[in-house]
$ cat structure_20.pdb   # PDB, C-alpha atoms, pLDDT in the B column
ATOM      1  CA  MET A   5     -77.764  -8.952  81.455  1.00 38.00           C
ATOM      2  CA  LYS A   6     -80.837  -6.775  81.922  1.00 39.00           C
ATOM      3  CA  THR A   7     -83.141  -7.389  84.877  1.00 38.00           C
ATOM      4  CA  VAL A   8     -86.799  -7.260  83.930  1.00 42.00           C
ATOM      5  CA  LYS A   9     -89.439  -6.077  86.397  1.00 44.00           C
ATOM      6  CA  ILE A  10     -92.916  -7.321  85.631  1.00 44.00           C
ATOM      7  CA  SER A  11     -96.398  -6.978  87.056  1.00 48.00           C
ATOM      8  CA  ALA A  12     -98.269  -9.831  88.724  1.00 47.00           C
ATOM      9  CA  LEU A  13    -100.278 -10.354  85.536  1.00 50.00           C
ATOM     10  CA  SER A  14     -97.121 -10.468  83.460  1.00 49.00           C
ATOM     11  CA  ALA A  15     -95.589 -12.951  85.882  1.00 44.00           C
ATOM     12  CA  ALA A  16     -98.624 -15.203  85.626  1.00 48.00           C
ATOM     13  CA  ILE A  17     -98.393 -15.080  81.854  1.00 48.00           C
ATOM     14  CA  LEU A  18     -94.667 -15.796  81.861  1.00 46.00           C
ATOM     15  CA  LEU A  19     -95.035 -18.701  84.275  1.00 40.00           C
ATOM     16  CA  SER A  20     -97.791 -20.307  82.252  1.00 44.00           C
ATOM     17  CA  GLY A  21     -95.469 -22.107  79.843  1.00 46.00           C
ATOM     18  CA  PHE A  22     -96.023 -19.996  76.758  1.00 46.00           C
ATOM     19  CA  ALA A  23     -92.580 -20.404  75.207  1.00 42.00           C
ATOM     20  CA  SER A  24     -93.421 -23.546  73.264  1.00 42.00           C
ATOM     21  CA  THR A  25     -96.413 -21.872  71.587  1.00 43.00           C
ATOM     22  CA  ALA A  26     -94.679 -18.692  70.459  1.00 46.00           C
ATOM     23  CA  THR A  27     -94.896 -18.047  66.732  1.00 46.00           C
ATOM     24  CA  TRP A  28     -92.021 -16.699  64.675  1.00 43.00           C
ATOM     25  CA  ALA A  29     -92.260 -13.158  63.388  1.00 45.00           C
ATOM     26  CA  ALA A  30     -89.769 -11.334  61.179  1.00 48.00           C
ATOM     27  CA  ASP A  31     -88.341  -9.382  64.098  1.00 60.00           C
ATOM     28  CA  GLY A  32     -88.476 -12.181  66.683  1.00 79.00           C
ATOM     29  CA  GLU A  33     -91.131 -14.178  68.465  1.00 90.00           C
ATOM     30  CA  THR A  34     -94.716 -13.062  68.933  1.00 95.00           C
ATOM     31  CA  VAL A  35     -96.468 -14.517  71.944  1.00 95.00           C
ATOM     32  CA  VAL A  36    -100.232 -14.089  71.834  1.00 97.00           C
ATOM     33  CA  ILE A  37    -102.020 -13.969  75.171  1.00 97.00           C
ATOM     34  CA  GLY A  38    -105.772 -14.456  75.147  1.00 98.00           C
ATOM     35  CA  LEU A  39    -108.149 -12.443  77.257  1.00 97.00           C
ATOM     36  CA  ALA A  40    -111.694 -13.686  77.758  1.00 98.00           C
ATOM     37  CA  GLY A  41    -114.319 -11.653  79.522  1.00 97.00           C
ATOM     38  CA  PRO A  42    -117.578  -9.763  79.224  1.00 97.00           C
ATOM     39  CA  LEU A  43    -116.767  -7.003  76.748  1.00 97.00           C
ATOM     40  CA  THR A  44    -120.441  -6.366  75.992  1.00 97.00           C
ATOM     41  CA  GLY A  45    -123.621  -6.632  78.044  1.00 94.00           C
ATOM     42  CA  PRO A  46    -124.315  -5.764  81.683  1.00 94.00           C
ATOM     43  CA  SER A  47    -120.786  -6.624  82.876  1.00 94.00           C
ATOM     44  CA  ALA A  48    -118.984  -4.893  80.009  1.00 96.00           C
ATOM     45  CA  ARG A  49    -117.468  -2.238  82.276  1.00 96.00           C
ATOM     46  CA  ILE A  50    -115.649  -4.936  84.222  1.00 93.00           C
ATOM     47  CA  GLY A  51    -114.609  -6.749  81.059  1.00 94.00           C
ATOM     48  CA  LYS A  52    -113.218  -3.573  79.535  1.00 96.00           C
ATOM     49  CA  ASP A  53    -111.298  -2.891  82.757  1.00 95.00           C
ATOM     50  CA  LEU A  54    -109.798  -6.389  82.527  1.00 93.00           C
ATOM     51  CA  GLU A  55    -108.899  -5.837  78.892  1.00 96.00           C
ATOM     52  CA  ASN A  56    -107.330  -2.435  79.583  1.00 96.00           C
ATOM     53  CA  GLY A  57    -105.348  -3.847  82.521  1.00 94.00           C
ATOM     54  CA  ALA A  58    -104.056  -6.754  80.463  1.00 94.00           C
ATOM     55  CA  GLN A  59    -103.057  -4.415  77.638  1.00 97.00           C
ATOM     56  CA  LEU A  60    -101.209  -2.164  80.094  1.00 97.00           C
ATOM     57  CA  ALA A  61     -99.315  -5.188  81.450  1.00 95.00           C
ATOM     58  CA  ILE A  62     -98.397  -6.310  77.944  1.00 96.00           C
ATOM     59  CA  ASP A  63     -97.318  -2.807  76.947  1.00 97.00           C
ATOM     60  CA  ASP A  64     -95.229  -2.616  80.117  1.00 97.00           C
ATOM     61  CA  ILE A  65     -93.371  -5.846  79.472  1.00 95.00           C
ATOM     62  CA  ASN A  66     -92.906  -5.098  75.753  1.00 97.00           C
ATOM     63  CA  LYS A  67     -91.177  -1.813  76.679  1.00 97.00           C
ATOM     64  CA  GLN A  68     -88.571  -3.903  78.493  1.00 96.00           C
ATOM     65  CA  HIS A  69     -87.659  -5.777  75.277  1.00 95.00           C
ATOM     66  CA  PRO A  70     -87.955  -9.294  76.743  1.00 95.00           C
ATOM     67  CA  THR A  71     -86.167 -12.290  75.306  1.00 92.00           C
ATOM     68  CA  ILE A  72     -86.697 -16.032  75.443  1.00 88.00           C
ATOM     69  CA  GLY A  73     -83.694 -18.196  74.750  1.00 88.00           C
ATOM     70  CA  GLY A  74     -81.834 -15.189  73.400  1.00 91.00           C
ATOM     71  CA  LYS A  75     -84.576 -14.301  70.898  1.00 93.00           C
ATOM     72  CA  ALA A  76     -86.550 -11.086  71.145  1.00 96.00           C
ATOM     73  CA  VAL A  77     -90.228 -11.571  71.933  1.00 96.00           C
ATOM     74  CA  THR A  78     -93.217  -9.315  71.612  1.00 97.00           C
ATOM     75  CA  PHE A  79     -96.430  -9.985  73.468  1.00 97.00           C
ATOM     76  CA  LYS A  80     -99.783  -9.371  71.827  1.00 98.00           C
ATOM     77  CA  LEU A  81    -103.267  -9.436  73.358  1.00 98.00           C
ATOM     78  CA  GLN A  82    -106.181 -11.197  71.686  1.00 98.00           C
ATOM     79  CA  SER A  83    -109.424 -10.221  73.411  1.00 98.00           C
ATOM     80  CA  GLU A  84    -112.642 -12.196  73.095  1.00 98.00           C
ATOM     81  CA  ASP A  85    -116.107 -11.351  74.426  1.00 98.00           C
ATOM     82  CA  ASP A  86    -117.743 -14.166  76.414  1.00 97.00           C
ATOM     83  CA  GLN A  87    -120.703 -11.935  77.401  1.00 96.00           C
ATOM     84  CA  SER A  88    -120.647 -13.613  80.858  1.00 95.00           C
ATOM     85  CA  ASP A  89    -122.470 -16.512  79.219  1.00 97.00           C
ATOM     86  CA  PRO A  90    -121.236 -20.103  79.803  1.00 97.00           C
ATOM     87  CA  ARG A  91    -122.056 -21.297  76.264  1.00 97.00           C
ATOM     88  CA  THR A  92    -120.430 -18.293  74.689  1.00 98.00           C
ATOM     89  CA  ALA A  93    -117.429 -18.818  76.982  1.00 98.00           C
ATOM     90  CA  VAL A  94    -116.882 -22.296  75.550  1.00 98.00           C
ATOM     91  CA  ALA A  95    -117.006 -20.934  71.990  1.00 98.00           C
ATOM     92  CA  VAL A  96    -114.598 -18.136  72.975  1.00 98.00           C
ATOM     93  CA  ALA A  97    -112.244 -20.646  74.575  1.00 98.00           C
ATOM     94  CA  GLN A  98    -112.230 -22.738  71.416  1.00 98.00           C
ATOM     95  CA  ARG A  99    -111.529 -19.650  69.270  1.00 98.00           C
ATOM     96  CA  LEU A 100    -108.586 -18.734  71.491  1.00 98.00           C
ATOM     97  CA  VAL A 101    -107.231 -22.293  71.378  1.00 98.00           C
ATOM     98  CA  ASP A 102    -107.674 -22.483  67.602  1.00 98.00           C
ATOM     99  CA  SER A 103    -105.825 -19.194  67.145  1.00 98.00           C
ATOM    100  CA  GLY A 104    -102.824 -20.561  69.041  1.00 97.00           C
ATOM    101  CA  VAL A 105    -102.729 -18.385  72.144  1.00 98.00           C
ATOM    102  CA  ALA A 106    -100.014 -19.212  74.624  1.00 96.00           C
ATOM    103  CA  GLY A 107    -102.189 -18.680  77.697  1.00 97.00           C
ATOM    104  CA  VAL A 108    -105.458 -17.052  78.709  1.00 97.00           C
ATOM    105  CA  VAL A 109    -106.346 -14.406  81.259  1.00 95.00           C
ATOM    106  CA  GLY A 110    -109.997 -14.874  82.199  1.00 93.00           C
ATOM    107  CA  HIS A 111    -112.808 -15.695  82.225  1.00 95.00           C
ATOM    108  CA  TRP A 112    -114.240 -13.177  84.634  1.00 92.00           C
ATOM    109  CA  ASN A 113    -116.580 -15.316  86.724  1.00 93.00           C
ATOM    110  CA  THR A 114    -116.853 -18.908  87.896  1.00 95.00           C
ATOM    111  CA  GLY A 115    -119.861 -19.638  85.696  1.00 95.00           C
ATOM    112  CA  THR A 116    -117.847 -18.965  82.555  1.00 96.00           C
ATOM    113  CA  SER A 117    -114.456 -20.136  83.818  1.00 96.00           C
ATOM    114  CA  ILE A 118    -115.525 -23.705  84.609  1.00 96.00           C
ATOM    115  CA  PRO A 119    -116.870 -24.675  81.163  1.00 97.00           C
ATOM    116  CA  ALA A 120    -114.055 -22.820  79.386  1.00 97.00           C
ATOM    117  CA  ALA A 121    -111.408 -24.462  81.590  1.00 96.00           C
ATOM    118  CA  ARG A 122    -112.178 -27.836  80.037  1.00 96.00           C
ATOM    119  CA  VAL A 123    -111.307 -26.501  76.582  1.00 98.00           C
ATOM    120  CA  TYR A 124    -108.030 -24.968  77.782  1.00 98.00           C
ATOM    121  CA  HIS A 125    -107.107 -28.080  79.762  1.00 97.00           C
ATOM    122  CA  ASP A 126    -107.649 -30.356  76.764  1.00 98.00           C
ATOM    123  CA  ALA A 127    -105.436 -28.064  74.662  1.00 98.00           C
ATOM    124  CA  GLY A 128    -102.714 -27.777  77.328  1.00 97.00           C
ATOM    125  CA  ILE A 129    -103.129 -24.014  77.603  1.00 97.00           C
ATOM    126  CA  ALA A 130    -102.807 -22.234  80.942  1.00 96.00           C
ATOM    127  CA  GLN A 131    -105.760 -20.211  82.190  1.00 96.00           C
ATOM    128  CA  VAL A 132    -105.462 -17.549  84.884  1.00 94.00           C
ATOM    129  CA  ALA A 133    -108.949 -16.608  86.106  1.00 92.00           C
ATOM    130  CA  LEU A 134    -108.288 -14.068  88.800  1.00 83.00           C
ATOM    131  CA  VAL A 135    -111.872 -13.546  89.962  1.00 85.00           C
ATOM    132  CA  ALA A 136    -113.355 -17.040  89.536  1.00 88.00           C
ATOM    133  CA  THR A 137    -113.470 -18.232  93.144  1.00 88.00           C
ATOM    134  CA  GLY A 138    -116.138 -20.937  93.145  1.00 89.00           C
ATOM    135  CA  HIS A 139    -115.066 -24.137  94.895  1.00 88.00           C
ATOM    136  CA  ALA A 140    -115.761 -26.197  91.774  1.00 88.00           C
ATOM    137  CA  TYR A 141    -113.238 -24.061  89.881  1.00 86.00           C
ATOM    138  CA  THR A 142    -110.539 -23.435  92.454  1.00 77.00           C
TER     139      THR A 142
END

$ encode --input "structure_20.pdb" --output "structure tokens"
Amino acid sequence: MKTVKISALSAAILLSGFASTATWAADGETVVIGLAGPLTGPSARIGKDLENGAQLAIDDINKQHPTIGGKAVTFKLQSEDDQSDPRTAVAVAQRLVDSGVAGVVGHWNTGTSIPAARVYHDAGIAQVALVATGHAYT
């Protein structure tokens, strides 16, 4: 049996209960992880860094040929731009839920994470917002 080393981001994704939402692909399971953050606007640099980091983590784990229940899985990133705007964040969260993501990394700040969290909670989807530290969120 192969031991798989994963990054902290990958561990958070794996621990978020994604297995039940994986979709079947011809060569195994595809697990789509959502990323929500400011990809445009004044905070775009930070959002792009988050997106690049998440993609690196996904590429890293995919190189290790992970399996779930004996079936090969491939992780895929679906990025959405919330523009650091609370209303846009809710729309982004709904798009990610509707597309069937297994879990979400983001939103970048507390002001977007709190309204989006309600959408993810209602859908039973895990959200890992690494920078949202407001008391109302944490």

$ residues_around --input "structure_20.pdb" --residues "region 121-130 of chain A" --least-positions-apart "3" --cutoff "7 Å" --atoms "all atoms listed in the file" --output "list in words"
Ser20, Ala97, Gln98, Val101, Ala106, Gly107, Val108, Ser117 and Ile118 of chain A

$ atom_distance --input "structure_20.pdb" --atom1 "CA of Ala93 (chain A)" --atom2 "CA of Thr34 (chain A)"
24.8 Å

$ resolve_selection --input "structure_20.pdb" --expression "the PyMOL selection byres ((chain A and resi 90) around 12)" --output "PyMOL selection string"
chain A and resi 40-42+85-89+91-97+111-122

$ atom_distance --input "structure_20.pdb" --atom1 "CA of Val105 (chain A)" --atom2 "CA of Gln82 (chain A)"
8.0 Å

$ closest_residue --input "structure_20.pdb" --among "A:Ala58, A:Leu43, A:Val35, A:Ala136" --to "Pro70 (chain A)" --atoms "all atoms listed in the file"
A:Val35

$ atom_distance --input "structure_20.pdb" --atom1 "CA of Ile50 (chain A)" --atom2 "CA of Val77 (chain A)"
29.0 Å

$ closest_residue --input "structure_20.pdb" --among "A:Leu100, A:Ala48, A:Leu39, A:Ile65" --to "Thr78 (chain A)" --atoms "only C-alpha atoms"
A:Ile65

$ axis_aligned_box --input "structure_20.pdb" --around "region 91-103 of chain A" --padding-each-side "4 Å" --output "lines of an AutoDock Vina configuration file"
center_x = -113.9
center_y = -20.4
center_z = 72.1
size_x = 24.2
size_y = 12.6
size_z = 17.8

$ closest_residue --input "structure_20.pdb" --among "A:Thr142, A:Gly32, A:Arg49, A:Val132" --to "Ala76 (chain A)" --atoms "only C-alpha atoms"
A:Gly32

$ build_atoms --input "structure_20.pdb" --residues "region 35-46 of chain A" --atoms "all heavy atoms" --output "compact mmCIF listing (two decimals), in the coordinates of the input"
# COMPACT_ATOMS: atom_id res chain seq x y z
N VAL A 35 -95.75 -13.67 71.01
CA VAL A 35 -96.47 -14.52 71.94
C VAL A 35 -97.84 -13.89 72.15
O VAL A 35 -97.95 -12.77 72.65
CB VAL A 35 -95.73 -14.64 73.29
CG1 VAL A 35 -96.52 -15.49 74.27
CG2 VAL A 35 -94.32 -15.20 73.08
N VAL A 36 -98.88 -14.60 71.74
CA VAL A 36 -100.23 -14.09 71.83
C VAL A 36 -100.86 -14.60 73.12
O VAL A 36 -100.89 -15.81 73.38
CB VAL A 36 -101.08 -14.50 70.62
CG1 VAL A 36 -102.50 -13.94 70.73
CG2 VAL A 36 -100.43 -14.03 69.32
N ILE A 37 -101.34 -13.67 73.93
CA ILE A 37 -102.02 -13.97 75.17
C ILE A 37 -103.50 -13.67 74.96
O ILE A 37 -103.86 -12.58 74.52
CB ILE A 37 -101.48 -13.10 76.33
CG1 ILE A 37 -99.97 -13.27 76.49
CG2 ILE A 37 -102.22 -13.42 77.63
CD1 ILE A 37 -99.51 -14.67 76.77
N GLY A 38 -104.33 -14.65 75.28
CA GLY A 38 -105.77 -14.46 75.15
C GLY A 38 -106.35 -13.79 76.37
O GLY A 38 -105.88 -14.00 77.49
N LEU A 39 -107.38 -13.01 76.16
CA LEU A 39 -108.15 -12.44 77.26
C LEU A 39 -109.60 -12.75 76.96
O LEU A 39 -110.09 -12.48 75.87
CB LEU A 39 -107.97 -10.93 77.37
CG LEU A 39 -108.84 -10.34 78.48
CD1 LEU A 39 -108.00 -9.62 79.50
CD2 LEU A 39 -109.93 -9.48 77.92
N ALA A 40 -110.29 -13.36 77.92
CA ALA A 40 -111.69 -13.69 77.76
C ALA A 40 -112.48 -13.05 78.88
O ALA A 40 -112.14 -13.23 80.06
CB ALA A 40 -111.88 -15.20 77.78
N GLY A 41 -113.50 -12.30 78.52
CA GLY A 41 -114.32 -11.65 79.52
C GLY A 41 -115.51 -10.99 78.90
O GLY A 41 -115.67 -10.98 77.68
N PRO A 42 -116.38 -10.42 79.72
CA PRO A 42 -117.58 -9.76 79.22
C PRO A 42 -117.27 -8.38 78.66
O PRO A 42 -117.20 -7.40 79.41
CB PRO A 42 -118.47 -9.68 80.47
CG PRO A 42 -117.50 -9.59 81.61
CD PRO A 42 -116.31 -10.40 81.19
N LEU A 43 -117.08 -8.28 77.38
CA LEU A 43 -116.77 -7.00 76.75
C LEU A 43 -118.01 -6.27 76.28
O LEU A 43 -117.95 -5.11 75.90
CB LEU A 43 -115.79 -7.21 75.59
CG LEU A 43 -114.47 -7.90 75.98
CD1 LEU A 43 -113.61 -8.13 74.75
CD2 LEU A 43 -113.74 -7.11 77.04
N THR A 44 -119.15 -6.97 76.29
CA THR A 44 -120.44 -6.37 75.99
C THR A 44 -121.43 -6.86 77.05
O THR A 44 -121.15 -7.80 77.79
CB THR A 44 -120.96 -6.76 74.59
OG1 THR A 44 -121.12 -8.18 74.52
CG2 THR A 44 -120.01 -6.29 73.50
N GLY A 45 -122.58 -6.21 77.10
CA GLY A 45 -123.62 -6.63 78.04
C GLY A 45 -123.49 -5.94 79.38
O GLY A 45 -122.71 -5.00 79.55
N PRO A 46 -124.26 -6.42 80.38
CA PRO A 46 -124.32 -5.76 81.68
C PRO A 46 -122.98 -5.69 82.43
O PRO A 46 -122.78 -4.79 83.23
CB PRO A 46 -125.31 -6.61 82.47
CG PRO A 46 -126.05 -7.41 81.48
CD PRO A 46 -125.18 -7.54 80.28
